[in-house]
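Source file: run_13.cif. Holds: mmCIF, C-alpha atoms.
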```
data_upload
#
loop_
_atom_site.label_atom_id
_atom_site.label_comp_id
_atom_site.auth_asym_id
_atom_site.auth_seq_id
_atom_site.Cartn_x
_atom_site.Cartn_y
_atom_site.Cartn_z
CA MET A 1 121.96 -2.21 -96.61
CA ALA A 2 124.66 -4.92 -96.40
CA LEU A 3 126.92 -4.96 -93.37
CA GLN A 4 130.17 -6.76 -92.61
CA LEU A 5 130.83 -8.40 -89.26
CA ALA A 6 134.19 -8.17 -87.50
CA PRO A 7 136.79 -10.93 -87.92
CA THR A 8 136.25 -13.79 -85.51
CA PHE A 9 138.57 -14.87 -82.74
CA ARG A 10 139.31 -17.95 -84.84
CA ALA A 11 140.49 -15.72 -87.68
CA ARG A 12 142.63 -13.68 -85.28
CA LEU A 13 144.24 -16.86 -83.93
CA ASN A 14 144.88 -18.28 -87.39
CA GLY A 15 146.43 -15.03 -88.56
CA SER A 16 148.76 -14.44 -85.63
CA ASP A 17 152.39 -15.48 -85.27
CA ARG A 18 152.40 -14.84 -81.50
CA ALA A 19 150.20 -15.49 -78.50
CA LEU A 20 147.12 -13.26 -78.40
CA VAL A 21 147.07 -11.49 -75.04
CA GLY A 22 143.85 -10.51 -73.31
CA MET A 23 142.12 -9.74 -70.04
CA TRP A 24 138.82 -10.31 -68.28
CA ALA A 25 135.90 -7.89 -68.05
CA CYS A 26 133.97 -8.77 -64.90
CA THR A 27 132.54 -5.53 -63.52
CA GLY A 28 129.55 -5.40 -65.85
CA SER A 29 130.39 -1.74 -66.45
CA PRO A 30 130.43 -0.65 -70.10
CA LEU A 31 132.70 2.25 -69.15
CA VAL A 32 135.31 -0.02 -67.59
CA THR A 33 135.06 -2.38 -70.54
CA GLU A 34 135.50 0.47 -73.00
CA ILE A 35 138.64 1.59 -71.16
CA ALA A 36 140.00 -1.95 -71.43
CA ALA A 37 138.97 -2.15 -75.09
CA GLY A 38 141.28 0.75 -75.92
CA SER A 39 144.24 -0.71 -74.03
CA GLY A 40 146.02 -2.25 -77.00
CA LEU A 41 145.34 -5.81 -75.86
CA ASP A 42 144.27 -8.37 -78.44
CA TRP A 43 141.11 -9.79 -76.86
CA LEU A 44 138.69 -9.21 -74.02
CA LEU A 45 136.87 -11.93 -72.09
CA ILE A 46 133.43 -10.70 -71.02
CA ASP A 47 132.57 -13.11 -68.25
CA MET A 48 129.08 -14.29 -67.32
CA GLU A 49 130.13 -17.21 -65.11
CA HIS A 50 131.78 -15.52 -62.14
CA SER A 51 130.57 -11.93 -62.41
CA ALA A 52 127.50 -9.73 -62.33
CA ASN A 53 127.23 -9.66 -66.12
CA THR A 54 123.75 -10.17 -67.56
CA LEU A 55 122.36 -10.29 -71.07
CA ASP A 56 121.74 -6.54 -70.88
CA SER A 57 125.24 -5.69 -69.71
CA VAL A 58 126.87 -8.03 -72.23
CA LEU A 59 124.93 -6.35 -75.04
CA VAL A 60 126.16 -2.88 -74.08
CA GLN A 61 129.73 -4.12 -73.70
CA LEU A 62 129.64 -5.68 -77.15
CA GLN A 63 128.43 -2.35 -78.49
CA VAL A 64 131.13 -0.26 -76.81
CA THR A 65 133.95 -2.62 -77.84
CA ALA A 66 132.84 -2.55 -81.48
CA GLY A 67 134.65 0.75 -82.02
CA TYR A 68 138.02 -0.61 -80.92
CA PRO A 69 140.56 -3.03 -82.46
CA ILE A 70 140.01 -5.70 -79.82
CA THR A 71 138.16 -9.01 -80.13
CA PRO A 72 135.46 -9.59 -77.50
CA VAL A 73 134.89 -13.15 -76.34
CA VAL A 74 131.91 -13.92 -74.09
CA ARG A 75 132.08 -16.72 -71.56
CA VAL A 76 128.60 -18.05 -70.91
CA PRO A 77 127.85 -19.35 -67.40
CA ALA A 78 127.33 -22.93 -68.60
CA GLY A 79 126.76 -24.98 -71.73
CA ASP A 80 123.08 -24.15 -71.66
CA THR A 81 121.45 -24.18 -75.11
CA VAL A 82 119.04 -21.33 -74.36
CA MET A 83 121.71 -19.08 -72.85
CA ILE A 84 124.07 -19.75 -75.76
CA LYS A 85 121.29 -18.88 -78.23
CA GLN A 86 120.55 -15.62 -76.44
CA VAL A 87 124.19 -14.54 -76.22
CA LEU A 88 124.75 -15.33 -79.90
CA ASP A 89 121.65 -13.35 -80.83
CA LEU A 90 123.04 -10.37 -78.89
CA GLY A 91 125.82 -10.31 -81.48
CA ALA A 92 128.54 -12.21 -79.64
CA GLN A 93 130.60 -13.88 -82.35
CA ASN A 94 133.02 -15.62 -80.02
CA LEU A 95 131.99 -17.84 -77.10
CA ILE A 96 133.75 -19.72 -74.33
CA VAL A 97 131.78 -22.60 -72.82
CA PRO A 98 133.18 -23.52 -69.39
CA MET A 99 133.60 -26.84 -67.63
CA VAL A 100 133.83 -29.09 -70.68
CA SER A 101 135.27 -32.42 -69.55
CA SER A 102 134.35 -34.82 -72.36
CA ALA A 103 133.94 -35.03 -76.10
CA GLU A 104 130.19 -35.47 -75.58
CA GLU A 105 129.96 -32.16 -73.72
CA ALA A 106 131.99 -30.49 -76.47
CA GLN A 107 129.64 -31.90 -79.10
CA ALA A 108 126.66 -30.51 -77.18
CA ALA A 109 128.28 -27.06 -77.19
CA VAL A 110 128.83 -27.30 -80.95
CA ARG A 111 125.17 -28.20 -81.51
CA ALA A 112 124.11 -25.22 -79.41
CA VAL A 113 126.00 -22.73 -81.60
CA ARG A 114 125.00 -24.24 -84.95
CA TYR A 115 121.74 -23.94 -86.81
CA PRO A 116 119.88 -27.08 -87.94
CA PRO A 117 120.52 -29.58 -89.35
CA ALA A 118 124.01 -29.50 -87.80
CA GLY A 119 122.75 -28.13 -84.49
CA VAL A 120 119.84 -26.84 -82.46
CA ARG A 121 120.32 -23.07 -82.39
CA GLY A 122 116.99 -21.31 -82.75
CA VAL A 123 116.52 -19.14 -85.84
CA GLY A 124 115.86 -15.51 -84.95
CA SER A 125 118.24 -13.59 -87.16
CA ALA A 126 115.59 -11.16 -88.37
CA LEU A 127 115.01 -10.11 -84.76
CA ALA A 128 118.60 -10.13 -83.54
CA ARG A 129 121.77 -8.08 -83.49
CA SER A 130 123.74 -11.19 -84.54
CA ALA A 131 122.72 -10.69 -88.18
CA ARG A 132 122.25 -6.95 -87.66
CA TRP A 133 118.54 -7.54 -88.22
CA ASN A 134 119.13 -9.33 -91.53
CA ARG A 135 121.52 -6.65 -92.80
CA VAL A 136 124.38 -9.18 -93.00
CA ASP A 137 123.98 -10.93 -96.33
CA GLY A 138 123.71 -14.70 -96.05
CA TYR A 139 124.07 -14.73 -92.27
CA LEU A 140 122.03 -17.91 -91.79
CA GLN A 141 123.91 -19.79 -94.48
CA ASN A 142 127.33 -18.56 -93.27
CA ALA A 143 126.72 -18.40 -89.52
CA ASP A 144 129.50 -20.88 -88.76
CA ALA A 145 131.99 -18.55 -90.45
CA HIS A 146 130.85 -15.72 -88.17
CA THR A 147 131.27 -17.59 -84.88
CA THR A 148 134.10 -19.07 -82.85
CA LEU A 149 133.52 -21.73 -80.22
CA VAL A 150 136.13 -22.13 -77.50
CA VAL A 151 135.59 -24.84 -74.91
CA GLN A 152 137.20 -24.60 -71.50
CA ILE A 153 138.96 -27.53 -69.87
CA GLU A 154 138.96 -27.09 -66.09
CA THR A 155 139.06 -30.57 -64.57
CA ALA A 156 141.42 -33.51 -64.37
CA ALA A 157 138.89 -35.50 -66.40
CA GLY A 158 138.95 -32.78 -69.04
CA VAL A 159 142.74 -32.99 -69.27
CA ASP A 160 142.50 -36.75 -69.72
CA ALA A 161 139.99 -36.22 -72.55
CA ALA A 162 141.70 -33.14 -74.04
CA GLU A 163 142.65 -34.74 -77.34
CA GLU A 164 139.14 -36.07 -77.93
CA ILE A 165 137.59 -32.73 -76.93
CA ALA A 166 139.84 -30.76 -79.26
CA ALA A 167 139.18 -33.17 -82.13
CA VAL A 168 135.43 -32.47 -82.10
CA ASP A 169 134.36 -30.83 -85.35
CA GLY A 170 133.18 -27.32 -84.53
CA VAL A 171 135.47 -26.78 -81.55
CA ASP A 172 137.75 -23.99 -82.73
CA ALA A 173 140.05 -23.70 -79.71
CA VAL A 174 140.50 -24.91 -76.14
CA PHE A 175 141.02 -22.66 -73.12
CA VAL A 176 142.60 -24.24 -70.04
CA GLY A 177 141.53 -22.95 -66.62
CA PRO A 178 144.18 -23.71 -63.98
CA SER A 179 142.08 -22.49 -61.01
CA ASP A 180 139.31 -25.08 -61.24
CA LEU A 181 141.79 -27.61 -62.56
CA ALA A 182 143.86 -27.19 -59.40
CA ALA A 183 140.74 -27.62 -57.28
CA SER A 184 139.75 -30.80 -59.11
CA MET A 185 143.24 -32.17 -58.45
CA GLY A 186 143.11 -31.46 -54.71
CA HIS A 187 145.24 -28.30 -54.90
CA LEU A 188 142.63 -25.61 -54.29
CA GLY A 189 144.10 -22.13 -54.77
CA GLN A 190 147.42 -23.49 -56.05
CA GLN A 191 147.33 -22.77 -59.77
CA THR A 192 151.12 -23.02 -60.05
CA HIS A 193 151.47 -26.28 -58.11
CA PRO A 194 153.87 -28.56 -60.06
CA ASP A 195 151.15 -31.18 -60.57
CA VAL A 196 148.79 -28.53 -61.96
CA LEU A 197 151.45 -27.13 -64.28
CA ALA A 198 152.16 -30.64 -65.51
CA ALA A 199 148.45 -31.20 -66.19
CA VAL A 200 148.25 -27.92 -68.13
CA ALA A 201 151.27 -29.02 -70.19
CA ARG A 202 149.53 -32.33 -70.95
CA ALA A 203 146.43 -30.47 -72.08
CA PHE A 204 148.54 -28.20 -74.28
CA ALA A 205 150.22 -31.15 -75.96
CA ALA A 206 146.93 -32.98 -76.50
CA VAL A 207 145.12 -29.98 -77.99
CA LYS A 208 148.02 -29.05 -80.25
CA GLY A 209 148.27 -32.69 -81.27
CA ALA A 210 144.68 -32.43 -82.46
CA GLY A 211 145.62 -29.38 -84.53
CA LYS A 212 143.66 -26.80 -82.53
CA PRO A 213 144.80 -23.58 -80.82
CA VAL A 214 145.13 -23.72 -77.05
CA GLY A 215 144.99 -20.94 -74.48
CA VAL A 216 145.28 -20.52 -70.75
CA ASN A 217 144.38 -18.21 -67.91
CA ALA A 218 147.37 -16.88 -65.95
CA PHE A 219 147.22 -13.80 -63.73
CA ASP A 220 150.68 -14.58 -62.31
CA PRO A 221 153.12 -12.74 -64.64
CA VAL A 222 155.86 -15.33 -64.24
CA ALA A 223 153.46 -18.17 -65.05
CA ALA A 224 152.06 -16.19 -67.99
CA GLU A 225 155.50 -15.64 -69.46
CA GLU A 226 156.30 -19.33 -69.09
CA TYR A 227 153.06 -20.32 -70.82
CA ILE A 228 153.85 -17.95 -73.68
CA ALA A 229 157.36 -19.38 -73.95
CA HIS A 230 155.87 -22.87 -74.10
CA GLY A 231 153.66 -22.01 -77.05
CA THR A 232 150.24 -20.97 -75.82
CA ASP A 233 148.22 -19.47 -78.65
CA PHE A 234 146.20 -17.11 -76.45
CA ILE A 235 146.31 -16.08 -72.83
CA ALA A 236 144.38 -13.97 -70.33
CA VAL A 237 146.79 -12.14 -68.03
CA GLY A 238 144.52 -10.05 -65.80
CA ALA A 239 141.03 -8.88 -64.92
CA ASP A 240 139.48 -5.47 -64.45
CA VAL A 241 138.37 -6.26 -60.89
CA ALA A 242 141.76 -7.71 -59.91
CA LEU A 243 143.63 -4.74 -61.36
CA LEU A 244 141.41 -2.32 -59.45
CA ALA A 245 141.72 -4.32 -56.21
CA ARG A 246 145.50 -4.56 -56.31
CA ALA A 247 146.04 -0.96 -57.48
CA SER A 248 143.76 0.47 -54.79
CA GLU A 249 145.53 -1.65 -52.15
CA ALA A 250 148.87 -0.32 -53.39
CA LEU A 251 147.63 3.25 -52.94
CA ALA A 252 146.54 2.49 -49.40
CA THR A 253 149.88 0.85 -48.60
CA ARG A 254 151.84 3.78 -49.99
CA PHE A 255 149.93 6.67 -48.46
CA ILE A 256 148.31 5.39 -45.23
CA PRO A 257 150.43 4.58 -42.16
CA ALA A 258 150.56 0.88 -41.40
CA SER A 259 148.98 1.34 -37.96
CA ASP A 260 145.93 3.08 -39.44
CA SER A 261 145.61 0.41 -42.13
CA ALA A 262 145.64 -2.35 -39.52
CA GLN A 263 142.91 -0.58 -37.55
CA ARG A 264 140.75 -0.19 -40.65
CA ALA A 265 141.24 -3.84 -41.55
CA SER A 266 139.81 -4.90 -38.17
CA TYR A 267 136.40 -3.35 -38.93
#
```
Step by step, read the file and then write its structure as structure tokens.
Amino acid sequence: MALQLAPTFRARLNGSDRALVGMWACTGSPLVTEIAAGSGLDWLLIDMEHSANTLDSVLVQLQVTAGYPITPVVRVPAGDTVMIKQVLDLGAQNLIVPMVSSAEEAQAAVRAVRYPPAGVRGVGSALARSARWNRVDGYLQNADAHTTLVVQIETAAGVDAAEEIAAVDGVDAVFVGPSDLAASMGHLGQQTHPDVLAAVARAFAAVKGAGKPVGVNAFDPVAAEEYIAHGTDFIAVGADVALLARASEALATRFIPASDSAQRASY
């Protein structure tokens, strides 16, 4: 039996004439992720860096999203070769590697996702969902065509090296993270500080100058709209946990008297 894999995130980016809009999946719940998968959004970031997601939970989320017209992208917790190999073998076609601040770190990420001789990814396609247990014809020979590597710039040093990072062969796109970038610039918690916004703009220009797509994280709707207007190629505009937190708070504010809410908050 010969099977076809879904189009990659790279293919979606190359084929779109607008910014691809997505959200984060952080709960580790396949049910919540399936609800998000049917939302009409373009892509879904399954996060392993700042959430309870594990290899087991990522696998199930990849399975439940497969029935929906959304592109899952898995962010690994670090540029660890073993973790990247395992997540790829689960069937993740699209990866984000966080905290990439130099061309050398980007090159290491590329080697981790590529088979020898171009890289160091271990060969286990006969045992793995990635090749659907060798039901995808020519998977080993065409593995690069089935994967997208996005590296995440999240530091001032990364912004300074953005052009060199984006120019690395095998880096398909760059994702800018304003939260950690703000922290690295001395503006912890101030993702929309003018200096941070200026640094994001510099990263955008450098990545686009290298001919690669660039994306950004922006939970603030005003900031997100401005990033889209300024030409971001993809953007994450919310997260399952944040949506649940803010919506549940809004219910409490609407239906519980303020005096009772204040008393509860003191517990």
Translate the PyMOL selection byres ((chain A and resi 17) around 12) into a concrete residue list for this structure, as a PDB file with C-alpha atoms, in the frame of the given file.
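Okay, this is what ended up in part-v2.pdb:
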```pdb
ATOM      1  CA  ARG A  12     142.630 -13.680 -85.280  1.00  0.00           C
ATOM      2  CA  LEU A  13     144.240 -16.860 -83.930  1.00  0.00           C
ATOM      3  CA  ASN A  14     144.880 -18.280 -87.390  1.00  0.00           C
ATOM      4  CA  GLY A  15     146.430 -15.030 -88.560  1.00  0.00           C
ATOM      5  CA  SER A  16     148.760 -14.440 -85.630  1.00  0.00           C
ATOM      6  CA  ARG A  18     152.400 -14.840 -81.500  1.00  0.00           C
ATOM      7  CA  ALA A  19     150.200 -15.490 -78.500  1.00  0.00           C
ATOM      8  CA  LEU A  20     147.120 -13.260 -78.400  1.00  0.00           C
ATOM      9  CA  PRO A 213     144.800 -23.580 -80.820  1.00  0.00           C
ATOM     10  CA  ILE A 228     153.850 -17.950 -73.680  1.00  0.00           C
ATOM     11  CA  GLY A 231     153.660 -22.010 -77.050  1.00  0.00           C
ATOM     12  CA  THR A 232     150.240 -20.970 -75.820  1.00  0.00           C
ATOM     13  CA  ASP A 233     148.220 -19.470 -78.650  1.00  0.00           C
ATOM     14  CA  PHE A 234     146.200 -17.110 -76.450  1.00  0.00           C
TER      15      PHE A 234
END
```
So the first atom is atom CA of Leu127 of chain A and the second is atom CA of Leu44 of chain A; what is the distance between them in Å, to one decimal place?
26.0 Å
Quick one: which segment 69-103 of chain A residues come within 9 Å of segment 172-193 of chain A, and what is the nearest atom pair for each with the distance in Å to one decimal, counting all atoms listed in the file, rows ordered by chain and ascending number, as a Markdown table?
```
| residue | atom | partner | partner_atom | distance |
| --- | --- | --- | --- | --- |
| A:Ile96 | CA | A:Phe175 | CA | 7.9 |
| A:Pro98 | CA | A:Phe175 | CA | 8.7 |
| A:Met99 | CA | A:Asp180 | CA | 8.7 |
```
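Among the candidates A:Val237, A:Val100, A:Ile35, A:Ala206, the one nearest to Glu225 of chain A when counting only C-alpha atoms is A:Val237.
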Shell of 12 Å around Met83 of chain A, all atoms listed in the file, local chain residues under 3 positions omitted, as a ChimeraX atom specification:
/A:48-49,54-55,74-80,86-90,92,95,97,109,112-113,121-122
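Distance check against Ala203 of chain A using all atoms listed in the file: of A:Ala242, A:Ala252, A:Ile153, A:Ala223, the minimum falls on A:Ile153.
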Just the residues within 10 Å of Asn134 of chain A, please, counting all atoms listed in the file, with nothing from its chain fewer than 3 positions along; format it as JSON, numbers by chain.
{"A": [1, 2, 3, 124, 125, 126, 127, 128, 129, 130, 131, 137, 138, 139, 140]}
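Of note, atom CA of Ala229 of chain A and atom CA of Glu164 of chain A are spaced 25.0 Å apart.
Minimum distance to Ala210 of chain A across A:Ile70, A:Leu62, A:Glu163, A:Pro257 (counting all atoms listed in the file) occurs at A:Glu163.
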May I have the protein, DNA and RNA residues with any atom at most 10 Å from the point (147.7, -12.1, -62.8), counting all atoms listed in the file, written as a list of chain:residue names?
A:Met23, A:Asn217, A:Ala218, A:Phe219, A:Asp220, A:Pro221, A:Val222, A:Ala223, A:Ala224, A:Ala236, A:Val237, A:Gly238, A:Ala239, A:Ala242, A:Leu243
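Atom CA of Cys26 of chain A sits 22.6 Å away from atom CA of Ala6 of chain A.
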When you count only C-alpha atoms, which of these residues is closest to Gly211 of chain A: A:Asp160, A:Asp260, A:Asp169, A:Glu105?
A:Asp169
Take the PyMOL selection byres ((chain A and resi 45) around 6), apply it to the structure above, and return the hits as number ranges by chain.
A: 24-25, 44, 46-47, 73-74
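Of the residues listed (A:Val21, A:Ala247, A:Ala199, A:Ala108), A:Val21 shows the shortest atom-to-atom separation from Leu41 of chain A; distances use only C-alpha atoms.
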Mind completing segment 24-42 of chain A with N, CA and C atoms? Output as a short mmCIF file (atom, residue, chain, number, x, y, z; two decimals), in the coordinates of the input, please?
```cif
data_model
loop_
_atom_site.label_atom_id
_atom_site.label_comp_id
_atom_site.auth_asym_id
_atom_site.auth_seq_id
_atom_site.Cartn_x
_atom_site.Cartn_y
_atom_site.Cartn_z
N TRP A 24 140.22 -10.07 -68.62
CA TRP A 24 138.82 -10.31 -68.28
C TRP A 24 138.08 -9.00 -68.03
N ALA A 25 136.81 -8.99 -68.38
CA ALA A 25 135.90 -7.89 -68.05
C ALA A 25 134.80 -8.48 -67.16
N CYS A 26 134.86 -8.15 -65.87
CA CYS A 26 133.97 -8.77 -64.90
C CYS A 26 133.05 -7.78 -64.19
N THR A 27 133.31 -6.50 -64.31
CA THR A 27 132.54 -5.53 -63.52
C THR A 27 131.11 -5.38 -64.00
N GLY A 28 130.87 -5.67 -65.27
CA GLY A 28 129.55 -5.40 -65.85
C GLY A 28 129.40 -3.97 -66.28
N SER A 29 130.44 -3.16 -66.09
CA SER A 29 130.39 -1.74 -66.45
C SER A 29 130.84 -1.52 -67.88
N PRO A 30 130.00 -0.93 -68.73
CA PRO A 30 130.43 -0.65 -70.10
C PRO A 30 131.56 0.36 -70.14
N LEU A 31 131.62 1.27 -69.17
CA LEU A 31 132.70 2.25 -69.15
C LEU A 31 134.04 1.58 -68.88
N VAL A 32 134.08 0.70 -67.89
CA VAL A 32 135.31 -0.02 -67.59
C VAL A 32 135.72 -0.88 -68.79
N THR A 33 134.76 -1.54 -69.38
CA THR A 33 135.06 -2.38 -70.54
C THR A 33 135.56 -1.56 -71.71
N GLU A 34 135.02 -0.38 -71.91
CA GLU A 34 135.50 0.47 -73.00
C GLU A 34 136.93 0.93 -72.74
N ILE A 35 137.25 1.22 -71.49
CA ILE A 35 138.64 1.59 -71.16
C ILE A 35 139.58 0.43 -71.51
N ALA A 36 139.18 -0.78 -71.12
CA ALA A 36 140.00 -1.95 -71.43
C ALA A 36 140.08 -2.19 -72.94
N ALA A 37 139.00 -1.91 -73.64
CA ALA A 37 138.97 -2.15 -75.09
C ALA A 37 139.99 -1.29 -75.83
N GLY A 38 140.31 -0.13 -75.28
CA GLY A 38 141.28 0.75 -75.92
C GLY A 38 142.70 0.58 -75.41
N SER A 39 142.95 -0.50 -74.69
CA SER A 39 144.24 -0.71 -74.03
C SER A 39 145.36 -1.12 -74.98
N GLY A 40 145.02 -1.68 -76.12
CA GLY A 40 146.02 -2.25 -77.00
C GLY A 40 146.13 -3.76 -76.89
N LEU A 41 145.37 -4.35 -75.96
CA LEU A 41 145.34 -5.81 -75.86
C LEU A 41 144.62 -6.41 -77.07
N ASP A 42 144.82 -7.70 -77.27
CA ASP A 42 144.27 -8.37 -78.44
C ASP A 42 142.81 -8.79 -78.26
#
```
